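See structure below.
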2 protein chains.
Amino acid sequence: MSRAPEWRQDPLTERLVLIAPERAERPLHPGPACPFCEGHESETPPEVLAFRDVASALNCPGWRVRVVPNRYAAVRLELPSSPLCASERGAGGERSPGIGVAEVFIESPHHQTKFRNLPPEQIIHVLRAWRKRLRLRRDDPRIAYAQVFKNEGVTAGASVDHCHSQLIGISFVPSDVATETEHLEKLRIMAGVCPYCQWIEAGEHLDRFVTQSSDFAVFCPTAPRFPGELWLLPKQHGHAFHALNEESLPELAGIVVSALARIDRAFAEPAFNLIVKSAPYRRPGNFHWRIEILPRTTRIAGWELGTGIFINTMFPEDAARLLREAR
Amino acid sequence: MSRAPEWRQDPLTERLVLIAPERAERPLHPGPACPFCEGHESETPPEVLAFRDVASALNCPGWRVRVVPNRYAAVRLELPSSPLCASERGAGGERSPGIGVAEVFIESPHHQTKFRNLPPEQIIHVLRAWRKRLRLRRDDPRIAYAQVFKNEGVTAGASVDHCHSQLIGISFVPSDVATETEHLEKLRIMAGVCPYCQWIEAGEHLDRFVTQSSDFAVFCPTAPRFPGELWLLPKQHGHAFHALNEESLPELAGIVVSALARIDRAFAEPAFNLIVKSAPYRRPGNFHWRIEILPRTTRIAGWELGTGIFINTMFPEDAARLLREAR
C-alpha cells in the first residue's frame with residue numbers, strides 16, 4: 001500500500017500541492033477490458049450510489065449511472081485528523097495529512113467516450129448523481145469544500161476514456177475559491193450587487209454572451225484561460241449546484257450539451273475540462289454557483305507555470321461571437 | 001494585422017490573463033522547412049543578437065545562437081502606454097495594453113530537438129545569450145520583470161521542435177513572484193536568513209537534495225507540481241541570473257545538462273519546461289535566483305484548473321532519491 005496522501009505548502013511561494021502516490025498506480029488507458037463497462041462491476045470498489053433497474057442487484061449489471069470510491073484516491077477520509085493550520089513545520093515546508101473524499105461517477109453502462117453524445121436522460125442521471133453526492137458532504141464536518149469535475153480527452157487529463165466524472169472534497173477551502181467568495185460577499189455588503197446577476201441581467205447585450213435557456217445563461221468569462229472557455233450560470237442567484245431542483249435538471253442537461261456542441265463545432269472537438277463550482281459549504285458568502293467548461297485549445301507552457309499568468313490567443317468577445325454562430 | 005494584446009483581470013477571481021491573438025497565427029510544427037535552421041534566416045524577423053563567425057554577415061548563415069523578436073509576440077513594446085493600475089474598468093473586468101518584449105533564442109544552427117544533446121560549448125552560448133538579453137532589460141523603464149523559459153516537447157507547449165527558448169518581459173511584477181519576493185525580504189529583516197541558503201548549507205543532508213557542483217546545487221522543491229520537478233540554485237546568494245559571471249557559465253551548463261539527463265533516465269525522457277526565475281528588476285528584495293525544471297510527467301486536469309492546487313503523485317523526497325540514483 002502506498003504512503004498516505006499529504007498536503008505540502010511552500011511558505012515562500014505559498015504554493016499548496018497535494019502529494020498522492022496512490023494515483024501513480026492508475027493504469028493509463030486500460031484497453032479492451034474497460035473497468036467502467038457494465039459487467040465489470042467487480043473491477044471497481046463497491047458502489048456508493050447507483051441508479052438501477054428495479055430488479056438489479058448491487059454491484060451487478062442493470063445500472064444507468066454508478067458512483068464508486070476512487071480506487072486511486074488523491075485524498076482519504078481514514079487518516080489521522082489534523083487541520084492544516086496545526087500542521088508540521090520544517091525544512092520540507094508545511095505538511096498535513098491529505099484528508100478528504102474522492103469518488104468517480106461512471107456516466108454510462110456502455111462504452112461511450114463523448115459526454116455530449118450520451119442520451120439526454122443519461123445526462124440527467126449524471127447531474128442528479130453529482131447533486132446527491134455534493135449534497136451528502138454538506139453536513140460532513142470533515143469536508144469544507146467539494147468540487148465535481150470532468151476530464152474528457154487525454155490532453156485534458158483523462159486516464160480512462162469511458163465517460164466519467166469525479167468528486168473531490170477536502171477539509172479546507174482552496175484560496176482561489178476563498179478569494180472569490182470574499183469579493184462577492186464584500187460587493188453584496190458594500191454595493192448590494194452580484195456581478196454575475198448583472199451579467200445575466202445584461203444577457204444578450206453583453207458582448208461575452210453566448211446562449212441562454214429559460215433558467216440558465218452561458219458567457220465567456222472576463223479573463224478566460226483558453227480560447228472558447230465558457231461559464232454557465234443559473235439565472236436565479238444560488239450558492240450551490242446541490243440545491244438545484246429536480247425540475248431544473250432536464251433544462252440544465254440540454255444547455256450543457258448545447259454548450260459542448262458549440263465548442264466542438266467552433267474548435268474542432270477539443271479535449272475539455274468541466275468544473276462545477278459551488279460555494280464553500282459552511283461560509284457560502286454571496287457565491288453564485290456555475291459550471292466552467294475549459295476547452296484545452298492551447299497548451300500550458302513555461303510562461304504559465306513560471307508566472308501563474310495564462311496566455312490566451314482569443315479575446316472573450318471574439319470567442320463568444322464564434323460560439324454564438326456555432327449553432 | 002491582429003488586434004493588439006491586452007491584459008484582462010477578473011476582479012472576482014483576481015485571475016490575470018494575457019490575450020494575444022497574434023499567437024494564434026503560429027504555424028504548429030512546421031514541417032521540412034524549419035524556419036530556425038541555418039540558411040532560413042529570412043523566415044524570422046531580423047536578429048537582435050547573434051554569436052557569429054567573424055566573417056559572417058547579419059541575418060545570414062555562420063551563427064551559433066541567434067536571438068530574434070518573436071514573430072507571434074504575446075506582448076509588444078510599441079503600444080500606447082498605460083500602467084495596469086490606471087486601466088479601464090467595466091463589465092469586461094480590468095483591461096490594459098499588453099506592453100512588453102518577447103524574444104526567441106534559436107539555440108542551434110542545425111536541426112536539433114533535444115537541448116541536452118547540444119554540444120557543451122553550444123549550451124554555454126545559450127546561457128550567455130539569456131544573460132545578455134535579461135541584462136539589457138534591467139535598465140529599460142518599461143520592463144519591471146522578465147523571465148526566460150524553454151518548452152521542450154509538444155506536451156510542454158512547444159510549437160516548433162527545433163531547440164529554442166523564449167524571453168518575455170512585462171511592465172509589472174506577476175503576483176506569484178511579488179509574493180515570494182516579499183516573504184524572502186521579510187525573512188531577511190526578521191530573522192536574517194534566506195531559506196534557499198539554508199537548503200544549500202544542508203546540502204546532502206536534506207532529503208530533497210539531488211546533486212551539486214562547486215557553485216550550484218539541485219533540489220526537489222518543498223511543494224513540487226510534477227514528479228521530478230527540480231530547482232537549481234547558485235550556492236552564492238544572488239538576485240539575478242543576469243549578474244552571473246562569464247566564468248560560471250561552463251559549470252552551469254554542465255549541471256543543467258546533468259539535471260536533464262537524470263530526469264530523462266528516471267522519467268523516460270519526458271517533455272519539460274525550464275524557467276529562469278530572477279528577482280523583479282527594481283525591487284529585488286532578498287530574492288535568490290534559480291532555474292526550475294518541470295518534467296511534464298502528469299497532466300494538468302479539472303481539479304488543478306478548478307482549485308489552483310496541483311496533484312502530484314510523488315513525494316519530493318522520493319523523487320530526489322530516484323534522481324540521485326539516476327546518474
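Ligands are numbered from 1 in the order shown, residues from 1 within each chain, and chains are lettered A, B, ... in the order they appear in the C-alpha cells.
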
Problem - Residues of chain B within 7 Å of chain A, only C-alpha atoms counted, as a ChimeraX atom specification - result: /B:8-10,12-13,15-24,92-93,149-151,156-157,174,176-177,179-180,183-184,222-223,225,273-275,299-303,306-315

Handout entry: DSSP helix (DSSP H, G or I) residues within stretch 71-290 of chain B, listed as a PyMOL selection string
Key = chain B and resi 84-86+115-117+120-137+154-156+175-191+195-205+241-243+246-267

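Among the candidates B:Val160, B:Ile124, B:Cys37, B:Val193, the residue lying nearest to B:Val257 is B:Ile124 (atoms considered: only C-alpha atoms).
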
Determine which residues of stretch 217-271 of chain A receive a DSSP assignment of strand (DSSP E or B), computed from the backbone, and state them as a PDB file with C-alpha atoms, in the first residue's frame.
ATOM      1  CA  ALA A 217     -27.191  31.598 -19.313  1.00  0.00           C
ATOM      2  CA  VAL A 218     -23.763  30.975 -20.853  1.00  0.00           C
ATOM      3  CA  PHE A 219     -20.979  33.561 -21.202  1.00  0.00           C
ATOM      4  CA  LEU A 230     -17.409  29.114 -21.125  1.00  0.00           C
ATOM      5  CA  TRP A 231     -19.180  29.760 -17.839  1.00  0.00           C
ATOM      6  CA  LEU A 232     -22.734  28.543 -17.365  1.00  0.00           C
ATOM      7  CA  LEU A 233     -24.698  30.369 -14.648  1.00  0.00           C
ATOM      8  CA  PRO A 234     -28.142  29.799 -13.134  1.00  0.00           C
TER       9      PRO A 234
END

Exercise for the section: Have a look at atom CA of A:Ser2 and atom CA of A:Glu107 and let me know their distance in Å, one decimal. Expected result: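 Distance reported for this atom pair: 28.1 Å.
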
Practice task
Could you tell me how far atom CA of B:His164 lies from atom CA of B:Ala55, in Å and to one decimal?
Solution key: 24.5 Å

Problem - Shell around A:Pro250 at 8 Å using only C-alpha atoms, local window under 2 positions removed, as a list in words - result: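 Listing them by chain and then by number gives Pro120, Glu121, Ile124, Glu247, Ser248, Leu252, Ala253 and Gly254 of chain A.
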
Could you save those same residues with N, CA, C and O atoms as a short mmCIF file (atom, residue, chain, number, x, y, z; two decimals), in the first residue's frame?
data_model
loop_
_atom_site.label_atom_id
_atom_site.label_comp_id
_atom_site.auth_asym_id
_atom_site.auth_seq_id
_atom_site.Cartn_x
_atom_site.Cartn_y
_atom_site.Cartn_z
N PRO A 120 -30.05 12.05 -23.62
CA PRO A 120 -30.42 13.12 -22.68
C PRO A 120 -30.78 12.59 -21.29
O PRO A 120 -30.35 13.15 -20.28
N GLU A 121 -31.55 11.51 -21.22
CA GLU A 121 -31.96 11.01 -19.90
C GLU A 121 -30.75 10.52 -19.10
O GLU A 121 -30.73 10.57 -17.87
N ILE A 124 -29.12 13.54 -17.55
CA ILE A 124 -29.91 13.96 -16.37
C ILE A 124 -29.54 13.09 -15.16
O ILE A 124 -29.38 13.60 -14.05
N GLU A 247 -36.61 19.55 -11.01
CA GLU A 247 -37.28 20.02 -12.23
C GLU A 247 -36.32 20.77 -13.16
O GLU A 247 -36.57 20.89 -14.36
N SER A 248 -35.22 21.29 -12.61
CA SER A 248 -34.28 22.06 -13.45
C SER A 248 -33.32 21.16 -14.23
O SER A 248 -32.66 21.62 -15.17
N LEU A 252 -31.05 21.97 -17.64
CA LEU A 252 -29.60 22.11 -17.46
C LEU A 252 -28.85 21.13 -18.36
O LEU A 252 -27.87 21.49 -19.02
N ALA A 253 -29.33 19.88 -18.41
CA ALA A 253 -28.69 18.88 -19.29
C ALA A 253 -28.68 19.40 -20.73
O ALA A 253 -27.67 19.30 -21.44
N GLY A 254 -29.79 19.97 -21.15
CA GLY A 254 -29.90 20.47 -22.53
C GLY A 254 -28.91 21.57 -22.82
O GLY A 254 -28.25 21.57 -23.87
#

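The closest residue to B:Asp215, picked from B:Ile291, B:Ala243, B:Ile200, B:Ala73 and counting only C-alpha atoms, is B:Ile200.
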
Problem - Residue nearest B:Ile123 among B:Leu49, B:Cys220, B:Ala144, B:Ile255 (counting only C-alpha atoms) - result: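 That would be B:Ile255, the residue with the smallest distance to B:Ile123.
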
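When atom CA of B:Gly228 is paired with atom CA of B:Thr297, their separation reads 7.9 Å.
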
Handout entry: Selection: 7 Å around B:His239, only C-alpha atoms, excl. self and same-chain fewer than 4 positions, as a list in words
Key =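 Counting only C-alpha atoms, the residues come to Ser278, Ala279, Pro284, Asn286, Phe287, His288 and Trp289 of chain B.
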
Keeping only N, CA and C atoms, write those residues as a PDB file, in the first residue's frame.
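Wrote it out as again-v1.pdb, contents follow:
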ATOM      1  N   SER B 278      14.343  35.064 -11.790  1.00  0.00           N
ATOM      2  CA  SER B 278      15.163  36.065 -11.121  1.00  0.00           C
ATOM      3  C   SER B 278      14.254  37.037 -10.391  1.00  0.00           C
ATOM      4  N   ALA B 279      14.868  37.948  -9.634  1.00  0.00           N
ATOM      5  CA  ALA B 279      14.123  38.969  -8.898  1.00  0.00           C
ATOM      6  C   ALA B 279      13.495  39.969  -9.869  1.00  0.00           C
ATOM      7  N   PRO B 284      14.309  44.003  -6.006  1.00  0.00           N
ATOM      8  CA  PRO B 284      14.780  42.613  -5.917  1.00  0.00           C
ATOM      9  C   PRO B 284      14.592  41.983  -4.540  1.00  0.00           C
ATOM     10  N   ASN B 286      15.166  40.230  -1.255  1.00  0.00           N
ATOM     11  CA  ASN B 286      16.255  39.305  -0.950  1.00  0.00           C
ATOM     12  C   ASN B 286      16.149  38.056  -1.831  1.00  0.00           C
ATOM     13  N   PHE B 287      15.630  38.228  -3.066  1.00  0.00           N
ATOM     14  CA  PHE B 287      15.422  37.089  -3.961  1.00  0.00           C
ATOM     15  C   PHE B 287      16.718  36.307  -4.193  1.00  0.00           C
ATOM     16  N   HIS B 288      16.575  35.008  -4.296  1.00  0.00           N
ATOM     17  CA  HIS B 288      17.695  34.102  -4.598  1.00  0.00           C
ATOM     18  C   HIS B 288      17.329  33.455  -5.927  1.00  0.00           C
ATOM     19  N   TRP B 289      18.028  33.799  -7.000  1.00  0.00           N
ATOM     20  CA  TRP B 289      17.603  33.323  -8.322  1.00  0.00           C
ATOM     21  C   TRP B 289      17.729  31.803  -8.445  1.00  0.00           C
TER      22      TRP B 289
END
